[in-house]
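Q: Shown below is the structure under consideration.
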Amino acid sequence: MRISLIITTYNWKEALELSLRSALQQKKLPMEIIIADDGSRPDTGELIRRIAATAPVPVLHSWQEDEGFRLAASRNKAIAKSSGDYIILIDGDIILERHFIFDHARFAKPGCFVQGTRVLLGEQLSQEILARRKPPVEPVCRWDVGNRKNCVRSDILSCIFSYRDRGMYGVRTCNFAFWRSDALAVNGFNEAFVGWGREDSEFTARLLNCGLVRKNLKFSAVAYHLHHALNDRAQLTANDELLRRTVERRLRWCEQGVTAYLP
């Protein structure tokens, strides 16, 4: 499979470095890695160039001006730059277990998009990992870890507990995968969403409205989420209204989307 890994980031190069290095230590490498940067300072670009210089696959930096929280636009620009048939989307504070890409590739199926899980690392453990500046090699499963069951990687358990449905609950694009053609069919992420919240759920709603099936991946594609402060939720009410409109009208297309950046 031609897999593009897209990593979103904004002014946290220490976490991004760990995320990038974990992506480059995968059992199965993606064909390319694209950093979807929502306006970080120049030091993030310097980090990406330094890592890209010795990386075994292309590492591309997709940057936009810092004009507030514009995650949808940042992701759309990265999708437009991508060359893969299949896109895996993670956040820049996610550290990947070395089978992460391999597991996603095995579970990719036409007509489906994939929602993965995450391990919530506590504040103290996150600081220790950041201070070491190396992705953890051993399973991270201590007292200050949330969603501890998500530390487990097991083919048998994954086959038993992974399931398909058409629900919109618990959408988290910090571990999410879809076919590029399906994203283009709904015009990508909706750039009417500004500020944190619901742009991922609305994207999911349009995929479902097109007849796609959600596949919930359990006990595979293990991802460790570094601790951080919560984002500003000032725009959540307005974003909830945009999501409600898409769901009630069964919309499949957004007007402000990825097509603006395609050739």
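Quick note on naming: the chains in the structure tokens go A, B, ... in the order shown, residues restart at 1 in each chain, and ligands are numbered from 1 in order of appearance.
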Output as a list in words all residues of range 139-200 of chain A that backbone DSSP marks as helix (DSSP H, G or I).

A: Arg148, Lys149, Asn150, Cys151, Asp155, Ile156, Leu157, Ser158, Cys159, Ile160, Phe161, Arg180, Ser181, Asp182, Ala183, Leu184, Ala185, Glu199 and Asp200 of chain A

Q: So that I have them on file, write out the residues from the current selection with C-alpha atoms, as a PDB file, in the first residue's frame.

A:
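What ended up in result_8.pdb:
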ATOM      1  CA  ARG A 148      -4.147   1.270  30.134  1.00  0.00           C
ATOM      2  CA  LYS A 149      -5.762  -1.541  28.170  1.00  0.00           C
ATOM      3  CA  ASN A 150      -4.775   0.319  24.994  1.00  0.00           C
ATOM      4  CA  CYS A 151      -1.125  -0.511  25.783  1.00  0.00           C
ATOM      5  CA  ASP A 155      -3.521 -10.054  16.991  1.00  0.00           C
ATOM      6  CA  ILE A 156      -6.014 -12.369  18.669  1.00  0.00           C
ATOM      7  CA  LEU A 157      -7.621  -9.681  20.824  1.00  0.00           C
ATOM      8  CA  SER A 158      -7.671  -7.295  17.879  1.00  0.00           C
ATOM      9  CA  CYS A 159      -9.570  -9.790  15.733  1.00  0.00           C
ATOM     10  CA  ILE A 160     -12.056 -10.413  18.541  1.00  0.00           C
ATOM     11  CA  PHE A 161     -12.699  -6.844  19.693  1.00  0.00           C
ATOM     12  CA  ARG A 180      -7.431   9.620   0.068  1.00  0.00           C
ATOM     13  CA  SER A 181     -10.111   9.194  -2.604  1.00  0.00           C
ATOM     14  CA  ASP A 182     -12.814   9.097   0.089  1.00  0.00           C
ATOM     15  CA  ALA A 183     -11.479  12.322   1.639  1.00  0.00           C
ATOM     16  CA  LEU A 184     -11.546  14.038  -1.761  1.00  0.00           C
ATOM     17  CA  ALA A 185     -15.087  12.792  -2.360  1.00  0.00           C
ATOM     18  CA  GLU A 199     -14.117  19.405  12.824  1.00  0.00           C
ATOM     19  CA  ASP A 200     -13.108  15.742  13.050  1.00  0.00           C
TER      20      ASP A 200
END

Q: Pick out the closest residue to Trp12 in chain A from this set: A:Val258, A:Lys77, A:Asp93, A:Glu248. Count only C-alpha atoms.

A: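 Checking each of A:Val258, A:Lys77, A:Asp93, A:Glu248 against Trp12 in chain A, counting only C-alpha atoms, the winner is A:Asp93.
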
Q: Check the smallest atom-to-atom distance from each of A:Val222, A:Cys174, A:Ile6, A:Ala131 to Ser83 in chain A using only C-alpha atoms, then report the winner.

A: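 Closest candidate: A:Ile6.
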
Q: Check the smallest atom-to-atom distance from each of A:Asp240, A:Asp85, A:Glu17, A:Asp103 to Arg49 in chain A using only C-alpha atoms, then report the winner.

A: A:Glu17

Q: I'd like the contact shell of Ala72 in chain A - 9 Å cut-off, only C-alpha atoms, skipping same-chain residues fewer than 5 positions apart - returned as a PyMOL selection string.

A: chain A and resi 77+188-194+199-200+257

Q: Could the residues in this selection be saved with all heavy atoms as a short mmCIF file (atom, residue, chain, number, x, y, z; two decimals), in the first residue's frame?

A:
data_model
loop_
_atom_site.label_atom_id
_atom_site.label_comp_id
_atom_site.auth_asym_id
_atom_site.auth_seq_id
_atom_site.Cartn_x
_atom_site.Cartn_y
_atom_site.Cartn_z
N LYS A 77 -4.39 21.09 3.41
CA LYS A 77 -3.18 21.39 2.63
C LYS A 77 -2.24 20.20 2.61
O LYS A 77 -1.60 19.92 1.59
CB LYS A 77 -2.49 22.62 3.21
CG LYS A 77 -3.27 23.91 2.96
CD LYS A 77 -2.70 25.10 3.70
CE LYS A 77 -3.56 26.34 3.46
NZ LYS A 77 -3.12 27.51 4.24
N GLY A 188 -12.67 16.89 1.91
CA GLY A 188 -11.77 17.00 3.05
C GLY A 188 -12.42 17.60 4.28
O GLY A 188 -13.63 17.48 4.50
N PHE A 189 -11.59 18.25 5.10
CA PHE A 189 -12.08 18.85 6.34
C PHE A 189 -12.74 20.20 6.04
O PHE A 189 -12.33 20.92 5.13
CB PHE A 189 -10.93 19.01 7.33
CG PHE A 189 -10.48 17.71 7.93
CD1 PHE A 189 -9.56 16.91 7.28
CD2 PHE A 189 -11.00 17.26 9.14
CE1 PHE A 189 -9.15 15.70 7.82
CE2 PHE A 189 -10.60 16.06 9.68
CZ PHE A 189 -9.67 15.27 9.03
N ASN A 190 -13.72 20.54 6.84
CA ASN A 190 -14.53 21.74 6.63
C ASN A 190 -13.85 22.95 7.29
O ASN A 190 -13.78 23.05 8.51
CB ASN A 190 -15.92 21.53 7.23
CG ASN A 190 -16.88 22.64 6.88
OD1 ASN A 190 -16.48 23.70 6.40
ND2 ASN A 190 -18.16 22.41 7.11
N GLU A 191 -13.38 23.88 6.48
CA GLU A 191 -12.64 25.03 6.99
C GLU A 191 -13.55 26.11 7.59
O GLU A 191 -13.06 27.14 8.06
CB GLU A 191 -11.74 25.60 5.90
CG GLU A 191 -10.66 24.62 5.49
CD GLU A 191 -9.75 25.14 4.40
OE1 GLU A 191 -9.65 26.37 4.25
OE2 GLU A 191 -9.12 24.30 3.71
N ALA A 192 -14.86 25.86 7.59
CA ALA A 192 -15.76 26.74 8.34
C ALA A 192 -15.53 26.59 9.84
O ALA A 192 -15.89 27.47 10.62
CB ALA A 192 -17.21 26.43 7.99
N PHE A 193 -14.90 25.48 10.23
CA PHE A 193 -14.56 25.26 11.63
C PHE A 193 -13.28 26.01 11.96
O PHE A 193 -12.23 25.76 11.38
CB PHE A 193 -14.35 23.77 11.90
CG PHE A 193 -15.62 22.96 11.96
CD1 PHE A 193 -16.25 22.55 10.80
CD2 PHE A 193 -16.18 22.63 13.18
CE1 PHE A 193 -17.42 21.81 10.85
CE2 PHE A 193 -17.35 21.89 13.23
CZ PHE A 193 -17.97 21.49 12.06
N VAL A 194 -13.37 26.93 12.90
CA VAL A 194 -12.20 27.61 13.44
C VAL A 194 -12.24 27.46 14.95
O VAL A 194 -13.32 27.36 15.55
CB VAL A 194 -12.15 29.10 13.04
CG1 VAL A 194 -11.93 29.24 11.55
CG2 VAL A 194 -13.43 29.81 13.45
N GLU A 199 -14.42 19.51 14.25
CA GLU A 199 -14.12 19.40 12.82
C GLU A 199 -13.86 17.95 12.43
O GLU A 199 -14.18 17.54 11.31
CB GLU A 199 -12.93 20.29 12.43
CG GLU A 199 -11.55 19.78 12.80
CD GLU A 199 -11.25 19.93 14.29
OE1 GLU A 199 -11.83 20.83 14.92
OE2 GLU A 199 -10.43 19.15 14.79
N ASP A 200 -13.33 17.16 13.35
CA ASP A 200 -13.11 15.74 13.05
C ASP A 200 -14.43 14.96 13.03
O ASP A 200 -14.62 14.09 12.18
CB ASP A 200 -12.12 15.13 14.03
CG ASP A 200 -12.38 15.50 15.48
OD1 ASP A 200 -13.42 16.13 15.77
OD2 ASP A 200 -11.53 15.19 16.33
N GLY A 257 -13.11 23.41 1.47
CA GLY A 257 -12.41 22.17 1.72
C GLY A 257 -11.12 22.02 0.94
O GLY A 257 -10.51 23.00 0.50
#

Q: Give me, as a PyMOL selection string, all polymer residues having an atom no more than 12 Å from Cys210 in chain A, counting only C-alpha atoms and skipping those fewer than 3 positions away in the same chain.

A: chain A and resi 111-113+166+182-187+203-207+213-214+247+250-253

Q: For Phe100 in chain A, which of A:Ala229, A:Ala23, A:Val152, A:Ala73 is the closest residue, counting only C-alpha atoms?

A: A:Ala23

Q: For each of A:Trp196, A:Phe69, A:Tyr169, A:Trp179, take the minimum atom-to-atom distance to His104 in chain A, counting only C-alpha atoms, then give the residue where this is smallest.

A: A:Trp179

Q: Neighbours of Gly68 in chain A within 9 Å (only C-alpha atoms; same-chain residues fewer than 3 positions away dropped), as a list in words?

A: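 The residues that qualify are Asp38, Gly39, Glu65, Val194 and Gly195 of chain A.
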
Q: With N, CA, C and O atoms retained, export the selected residues as a PDB file, in the first residue's frame.

A:
ATOM      1  N   ASP A  38       0.268  24.225  11.648  1.00  0.00           N
ATOM      2  CA  ASP A  38      -0.703  25.322  11.727  1.00  0.00           C
ATOM      3  C   ASP A  38      -0.040  26.635  12.153  1.00  0.00           C
ATOM      4  O   ASP A  38      -0.594  27.394  12.944  1.00  0.00           O
ATOM      5  N   GLY A  39       1.179  26.890  11.651  1.00  0.00           N
ATOM      6  CA  GLY A  39       1.807  28.185  11.874  1.00  0.00           C
ATOM      7  C   GLY A  39       2.867  28.222  12.949  1.00  0.00           C
ATOM      8  O   GLY A  39       3.046  29.253  13.619  1.00  0.00           O
ATOM      9  N   GLU A  65       0.332  30.247   7.629  1.00  0.00           N
ATOM     10  CA  GLU A  65       0.458  31.369   8.554  1.00  0.00           C
ATOM     11  C   GLU A  65      -0.328  31.114   9.831  1.00  0.00           C
ATOM     12  O   GLU A  65      -1.390  30.481   9.808  1.00  0.00           O
ATOM     13  N   VAL A 194     -13.369  26.934  12.900  1.00  0.00           N
ATOM     14  CA  VAL A 194     -12.196  27.610  13.435  1.00  0.00           C
ATOM     15  C   VAL A 194     -12.243  27.460  14.953  1.00  0.00           C
ATOM     16  O   VAL A 194     -13.321  27.364  15.545  1.00  0.00           O
ATOM     17  N   GLY A 195     -11.084  27.433  15.576  1.00  0.00           N
ATOM     18  CA  GLY A 195     -11.060  27.120  17.002  1.00  0.00           C
ATOM     19  C   GLY A 195     -11.210  25.615  17.189  1.00  0.00           C
ATOM     20  O   GLY A 195     -11.574  24.872  16.269  1.00  0.00           O
TER      21      GLY A 195
END
